[in-house]
Amino acid sequence: MRLLSWNIQWGRGLDGRVDLARILRTIHALGEFDVVCLQEVAVNFPGLPGSRGEDEVAELAVGLPGYTAVFGAATDVPDGRGGRSQFGNAIFSRLPVGQVWRHLLPWPAELDAPSMQRVLVEAVVTADVGPLRVLTTHLEYYSRRQRQSQIDAIRRLHTEACAMSARTLLAEEQGGAFEVFPRSVEAVLCGDMNFPATAPERAQILAPFADGAPGFEDAWEVLHPGAPHAPTVGIHPVGFVDQPECFDFVFVTSGLSRRLRAHGIDAATVASDHQPVWVELA
């Protein structure tokens with residue numbers, strides 16, 4: 001199984017041009033992926049710099065034939081013309097997709113810091129390594145307090161999912177909206193975490209769970225123990241970091257870590273202000 005994660009900045013490259021065809025060319029040039037997780041995907045949001053109000057989920061789906069598209073809007077606001085503008089994260093899977101969840105993450109009020117609603121998109125997929133949950137998110141940039149609150153919520157959702165994995169179908173849950181679909185304890189959590197690899201938020205994600213739920217491990221560290229994280233932002237000049245840093249991570253549960261075979265970063269592309277990150281499980 002090969003999974004790619006990338007904050008595409010609504011398709012806006014370092015040249016300021018929104019070009020989803022360039023995003024797709026970059027993805028295809030990196031190889032064949034079973035799951036593609038994208039952050040900062042926009043639908044009808046002409047207020048974003050360079051945007052013409054594209055339905056980016058639809059355009060990306062056309063460029064990824066054979067993939068099931070799962071979009072989760074974090075921001076959903078009126079566009080001023082009777083429609084809606086949406087901004088969030090998407091999962092594209094060519095593996096069978098089971099149940100899907102779109103979890104809005106905490107947005108505690110802070111009057112002195114800019115912030116926005118954030119979302120965790122979760123989809124159960126059936127891979128050759130077995131069923132697993134794919135989770136992708138984009139945490140708050142401006143506020144550590146909000147990131148920590150959001151990580152707490154993600155960890156709570158993980159423990160709930162692990163507990164739900166033990167459930168069996170009850171008589172009242174046959175064939176209707178109450179039906180229970182398989183939900184594995186194993187998970188891949190990826191996305192733009194908006195903190196560097198040395199930040200305490202990373203340790204917060206990796207902390208053991210008191211209830212015995214399988215913990216998360218950093219895919220880079222599993223394959224490169226002791227080595228500094230390769231950067232995913234600031235390789236090319238951008239305005240939000242002063243030096244190259246790793247903001248984009250792939251975390252896997254302990255049961256999947258032994259299956260990790262590769263971790264890659266495309267350091268060359270300037271199609272976004274972040275670099276694509278990918279992993280391979282076998």
# chains A, B, ... in the order shown; residues from 1 in each chain; ligands from 1
$ residues_around --residues "segment 192-206 of chain A" --least-positions-apart "5" --cutoff "7 Å" --atoms "only C-alpha atoms" --output "list in words"
Asn7, Thr137, His138, Leu139, Glu140, Tyr141, Gln148, Ile151, Gly215, Phe216, Glu217, His229, Glu245, Cys246, Phe247, Asp248 and Phe249 of chain A
$ residues_around --residues "Leu48 of chain A" --least-positions-apart "2" --cutoff "12 Å" --atoms "only C-alpha atoms" --output "list in words"
Gln9, Trp10, Gly11, Arg12, Gly16, Arg17, Val18, Glu40, Val41, Ala42, Val43, Asn44, Phe45, Pro46, Gly50, Ser51, Arg52, Gly53, Glu54, Asp79, Ser85, Gln86 and Phe87 of chain A
$ closest_residue --among "A:Glu122, A:Asp242, A:Glu179, A:Glu32" --to "Thr136 of chain A" --atoms "only C-alpha atoms"
A:Glu122
$ closest_atom_pairs --of "segment 24-107 of chain A" --to "segment 112-115 of chain A" --cutoff "12 Å" --atoms "only C-alpha atoms" --output "Markdown table"
| residue | atom | partner | partner_atom | distance |
| --- | --- | --- | --- | --- |
| A:Ala74 | CA | A:Ser115 | CA | 11.9 |
| A:Thr75 | CA | A:Ser115 | CA | 11.3 |
| A:Pro106 | CA | A:Ser115 | CA | 11.3 |
| A:Trp107 | CA | A:Ser115 | CA | 8.1 |
$ closest_atom_pairs --of "segment 12-78 of chain A" --to "segment 259-279 of chain A" --cutoff "10 Å" --atoms "only C-alpha atoms" --output "CSV"
residue,atom,partner,partner_atom,distance
A:Arg12,CA,A:Ser272,CA,5.7
A:Gly13,CA,A:Ala271,CA,4.1
A:Leu14,CA,A:Val270,CA,5.6
A:Asp15,CA,A:Val270,CA,8.0
A:Gly16,CA,A:Ser272,CA,9.1
A:Arg17,CA,A:Ala271,CA,8.8
A:Val18,CA,A:Ala271,CA,8.7
A:Asp19,CA,A:Ala271,CA,7.9
A:Leu20,CA,A:Ala271,CA,8.9
A:Ala21,CA,A:Ala271,CA,9.9
A:Arg22,CA,A:Ala271,CA,6.6
A:Ile23,CA,A:Ala271,CA,6.2
A:Leu24,CA,A:Ala271,CA,9.8
A:Arg25,CA,A:Ala271,CA,9.7
A:Thr26,CA,A:Thr269,CA,7.4
A:Ile27,CA,A:Pro276,CA,8.2
A:Leu30,CA,A:Asp266,CA,7.9
A:Phe33,CA,A:Trp278,CA,8.8
A:Val35,CA,A:Trp278,CA,9.8
A:Val36,CA,A:Trp278,CA,9.0
A:Cys37,CA,A:Trp278,CA,9.7
A:Leu38,CA,A:Pro276,CA,9.3
$ write_last_selection --atoms "N, CA, C and O atoms" --output "compact mmCIF listing (two decimals), in the first residue's frame"
# COMPACT_ATOMS: atom_id res chain seq x y z
N ARG A 12 -2.28 26.36 -5.39
CA ARG A 12 -1.49 27.57 -5.65
C ARG A 12 -0.01 27.29 -5.46
O ARG A 12 0.46 26.98 -4.37
N GLY A 13 0.74 27.43 -6.52
CA GLY A 13 2.17 27.20 -6.47
C GLY A 13 2.93 28.41 -5.98
O GLY A 13 2.37 29.48 -5.71
N LEU A 14 4.25 28.27 -5.88
CA LEU A 14 5.08 29.37 -5.40
C LEU A 14 5.15 30.52 -6.40
O LEU A 14 5.59 31.62 -6.05
N ASP A 15 4.66 30.29 -7.61
CA ASP A 15 4.54 31.37 -8.59
C ASP A 15 3.23 32.13 -8.44
O ASP A 15 2.94 33.05 -9.22
N GLY A 16 2.41 31.77 -7.46
CA GLY A 16 1.14 32.45 -7.22
C GLY A 16 0.01 31.97 -8.10
O GLY A 16 -1.12 32.47 -7.97
N ARG A 17 0.27 30.98 -8.95
CA ARG A 17 -0.75 30.52 -9.91
C ARG A 17 -1.43 29.28 -9.38
O ARG A 17 -0.78 28.33 -8.96
N VAL A 18 -2.78 29.28 -9.40
CA VAL A 18 -3.56 28.09 -9.05
C VAL A 18 -3.63 27.20 -10.27
O VAL A 18 -4.18 27.58 -11.31
N ASP A 19 -3.09 25.99 -10.14
CA ASP A 19 -2.97 25.08 -11.29
C ASP A 19 -3.13 23.65 -10.79
O ASP A 19 -2.16 23.00 -10.41
N LEU A 20 -4.38 23.17 -10.82
CA LEU A 20 -4.62 21.81 -10.34
C LEU A 20 -4.05 20.77 -11.28
O LEU A 20 -3.71 19.66 -10.84
N ALA A 21 -3.93 21.09 -12.57
CA ALA A 21 -3.30 20.15 -13.50
C ALA A 21 -1.85 19.92 -13.11
O ALA A 21 -1.34 18.79 -13.22
N ARG A 22 -1.19 20.96 -12.62
CA ARG A 22 0.21 20.81 -12.16
C ARG A 22 0.26 19.94 -10.91
O ARG A 22 1.18 19.11 -10.76
N ILE A 23 -0.71 20.11 -10.01
CA ILE A 23 -0.77 19.26 -8.83
C ILE A 23 -0.90 17.79 -9.24
O ILE A 23 -0.19 16.91 -8.73
N LEU A 24 -1.80 17.53 -10.17
CA LEU A 24 -2.02 16.15 -10.61
C LEU A 24 -0.79 15.59 -11.32
O LEU A 24 -0.44 14.42 -11.12
N ARG A 25 -0.14 16.39 -12.14
CA ARG A 25 1.08 15.91 -12.81
C ARG A 25 2.14 15.54 -11.79
O ARG A 25 2.85 14.54 -11.95
N THR A 26 2.24 16.33 -10.75
CA THR A 26 3.23 16.05 -9.71
C THR A 26 2.92 14.73 -9.01
O THR A 26 3.81 13.90 -8.77
N ILE A 27 1.65 14.53 -8.66
CA ILE A 27 1.26 13.28 -8.00
C ILE A 27 1.56 12.08 -8.89
O ILE A 27 2.18 11.10 -8.45
N LEU A 30 5.17 10.98 -9.22
CA LEU A 30 5.76 10.32 -8.06
C LEU A 30 5.45 8.82 -8.01
O LEU A 30 6.00 8.11 -7.19
N PHE A 33 -0.28 5.55 -6.39
CA PHE A 33 -0.65 5.57 -4.98
C PHE A 33 -2.03 4.95 -4.80
O PHE A 33 -2.94 5.18 -5.60
N VAL A 35 -3.77 5.51 -1.94
CA VAL A 35 -4.52 6.53 -1.22
C VAL A 35 -3.77 7.85 -1.36
O VAL A 35 -2.55 7.91 -1.18
N VAL A 36 -4.52 8.90 -1.67
CA VAL A 36 -3.97 10.25 -1.78
C VAL A 36 -4.74 11.13 -0.80
O VAL A 36 -5.96 11.28 -0.92
N CYS A 37 -4.03 11.73 0.16
CA CYS A 37 -4.65 12.61 1.16
C CYS A 37 -4.17 14.03 0.89
O CYS A 37 -2.96 14.29 0.88
N LEU A 38 -5.11 14.93 0.70
CA LEU A 38 -4.78 16.31 0.36
C LEU A 38 -5.41 17.26 1.37
O LEU A 38 -6.56 17.09 1.77
$ atom_distance --atom1 "atom CA of Phe251 of chain A" --atom2 "atom CA of Leu104 of chain A"
19.8 Å
$ select_by_dssp --residues "segment 144-182 of chain A" --states "alpha helix (DSSP H)" --output "list of chain:residue names"
A:Arg144, A:Arg145, A:Gln146, A:Arg147, A:Gln148, A:Ser149, A:Gln150, A:Ile151, A:Asp152, A:Ala153, A:Ile154, A:Arg155, A:Arg156, A:Leu157, A:His158, A:Thr159, A:Glu160, A:Ala161, A:Cys162, A:Ala163, A:Met164
$ closest_residue --among "A:Trp101, A:Tyr142, A:Phe92, A:Phe240" --to "Met116 of chain A" --atoms "only C-alpha atoms"
A:Tyr142
$ atom_distance --atom1 "atom CA of Arg133 of chain A" --atom2 "atom CA of Val252 of chain A"
10.0 Å
